Amino acid sequence: MTSKLGFYLHSSQDNHGLWGLFERIKPPVILIHLEAKNDDLLRQMREWRSPDTFVVGRLGMDRDEQRRYLDDPDPVAAGQRLADKIFNQDRSFLLKRYPDQPGGRLLVDAWMSLNEPIEGPSWEGAAQQDDAWHRTNREQHRRYDRLQVAFRRRLREYIHDVEAVAFNFGAGNFKQAQQYIQLYPETLGEYTYLGFHEYGWPAMAKHLTQRPVKTDAGLFPAIMQGIRADPKYGARHRAIITEAGLARAHLHAGSTAGDVGWLNTVETVSQEEYWKSLRWYNDLLRQHEAYVLGACLYQVGWMDDWKSFRLTGDDNQGRPIEIMNWIADPSQAPK
């Protein structure tokens with residue numbers, strides 16, 4: 001099984017055998033937080049651990065800081081300011097290449113702008129909102145369209161060959177290509193890489209369990225095919241699933257359990273059940289590999305705040321989590 005399953009790294013320290021997974025799995029894509037990155041890992045990855053991995057960087061921000069960028073009446077200035085913030089946070093890191101010479105590949109290929117910044121037209125709560133909310137929401141999308149263009153252009157003023165990854169909306173907020181085409185014409189004209197979040201609970205597809213399921217995993221093929229069929233843009237866009245996995249809040253929005261993963265203490269999912277979802281999702285990604293790089297599993301490099309999503313270390317009973325081993329060697333995985 002060729003893996004299209006990549007890594008989401010909130011932490012990039014060599015905990016629970018993380019660095020060795022790069023050699024064994026050769027993830028097609030990873031997302032790494034700037035504030036928790038490890039230069040040695042990324043250099044070794046380029047040199048020998050997994051040279052072909054496409055690396056997406058993200059600067060962590062809280063909701064209030066994101067909102068200030070989004071609500072700026074000058075979205076071009078906001079996009080430029082966001083790129084400046086990322087570059088100035090650690091400019092020497094953003095400029096690093098392997099080999100360390102002109103023409104060497106950047107350690108980070110592309111950068112995200114904002115993360116899940118706005119409710120989209122398919123957000124399940126949209127029907128209950130009044131006209132004023134919908135007008136405000138449309139205006140936010142218009143500003144974000146211009147912000148994303150300015151963000152990518154400013155990054156490329158600093159680094160001529162760096163890329164940016166557009167969108168990264170919450171799972172299920174957009175379900176049709178036409179929604180993107182109508183709201184984001186400038187972004188689609190500027191960008192190559194489009195980011196999607198795809199989650200389900202307690203499985204990523206309804207046929208994988210007898211339990212009630214809500215899923216927005218597997219939306220990307222129809223969306224990408226619709227965008228790539230539009231003659232204004234052509235078939236040049238590539239998808240990156242910048243977050244993917246199981247999230248209990250996807251079915252139980254507003255639950256007192258909060259935004260928790262498969263190892264939460266209220267309603268767990270077994271390793272074997274999770275593997276069924278990942279095997280199905282990897283097959284789907286492979287079917288569309290002409291335009292999807294891969295999916296970043298949330299989370300492979302984890303921090304305590306999100307430990308219920310962890311895919312390395314031990315489970316709640318102290319048993320080793322085997323899922324990454326199964327990705328590395330599917331012949332050892334449950335059938």
# chains A, B, ... in the order shown; residues from 1 in each chain; ligands from 1

$ residues_around --residues "A:Thr53" --least-positions-apart "6" --cutoff "10 Å" --atoms "only C-alpha atoms" --output "PyMOL selection string"
chain A and resi 6+22+26-30+42+45-46+107-109+293-294

$ write_last_selection --atoms "C-alpha atoms" --output "PDB file, in the first residue's frame"
ATOM      1  CA  GLY A   6       1.120  12.344   6.069  1.00  0.00           C
ATOM      2  CA  PHE A  22       9.888   9.624   8.419  1.00  0.00           C
ATOM      3  CA  LYS A  26       8.150   8.639   3.767  1.00  0.00           C
ATOM      4  CA  PRO A  27       5.075  10.843   4.279  1.00  0.00           C
ATOM      5  CA  PRO A  28       4.043  12.651   1.099  1.00  0.00           C
ATOM      6  CA  VAL A  29       3.133  15.802   3.033  1.00  0.00           C
ATOM      7  CA  ILE A  30       3.475  17.169   6.556  1.00  0.00           C
ATOM      8  CA  LEU A  42      13.791  19.112   8.700  1.00  0.00           C
ATOM      9  CA  MET A  45      14.418  14.870   6.361  1.00  0.00           C
ATOM     10  CA  ARG A  46      15.621  16.712   3.261  1.00  0.00           C
ATOM     11  CA  LEU A 107      13.097  23.260   4.289  1.00  0.00           C
ATOM     12  CA  VAL A 108       9.480  24.514   4.245  1.00  0.00           C
ATOM     13  CA  ASP A 109       7.844  24.479   0.817  1.00  0.00           C
ATOM     14  CA  LEU A 293      -0.548  15.411  -2.464  1.00  0.00           C
ATOM     15  CA  GLY A 294      -1.777  13.692   0.691  1.00  0.00           C
TER      16      GLY A 294
END

$ residues_around --residues "A:Pro320" --least-positions-apart "3" --cutoff "12 Å" --atoms "only C-alpha atoms" --output "PyMOL selection string"
chain A and resi 16-17+271+310-317+323-325

$ write_last_selection --atoms "C-alpha atoms" --output "PDB file, in the first residue's frame"
ATOM      1  CA  HIS A  16       7.685   8.128  20.642  1.00  0.00           C
ATOM      2  CA  GLY A  17       9.888   7.312  17.647  1.00  0.00           C
ATOM      3  CA  GLN A 271      -7.246   1.271  17.035  1.00  0.00           C
ATOM      4  CA  ARG A 310      -2.387  11.311  19.402  1.00  0.00           C
ATOM      5  CA  LEU A 311      -1.225   8.685  16.930  1.00  0.00           C
ATOM      6  CA  THR A 312       2.056   7.822  18.638  1.00  0.00           C
ATOM      7  CA  GLY A 313       2.889   6.670  22.161  1.00  0.00           C
ATOM      8  CA  ASP A 314       0.447   4.637  24.250  1.00  0.00           C
ATOM      9  CA  ASP A 315      -3.342   4.517  24.393  1.00  0.00           C
ATOM     10  CA  ASN A 316      -5.430   5.167  27.523  1.00  0.00           C
ATOM     11  CA  GLN A 317      -4.748   1.638  28.794  1.00  0.00           C
ATOM     12  CA  ILE A 323      -1.532   2.754  13.788  1.00  0.00           C
ATOM     13  CA  MET A 324       1.640   4.367  12.433  1.00  0.00           C
ATOM     14  CA  ASN A 325       3.295   0.933  12.314  1.00  0.00           C
TER      15      ASN A 325
END

$ residues_around --residues "A:Gln176" --least-positions-apart "5" --cutoff "10 Å" --atoms "only C-alpha atoms" --output "PyMOL selection string"
chain A and resi 121-122+181+219-220+222-224+226-227

$ select_by_dssp --residues "stretch 120-280 of chain A" --states "helix (DSSP H, G or I)" --output "VMD selection string"
chain A and resid 126 to 128 131 to 158 177 to 183 185 to 190 206 to 208 220 to 229 248 to 250 271 to 280

$ residues_around --residues "A:Asp304" --least-positions-apart "4" --cutoff "12 Å" --atoms "only C-alpha atoms" --output "MDAnalysis selection string"
chainID A and resid 10:11 260 299 308:310
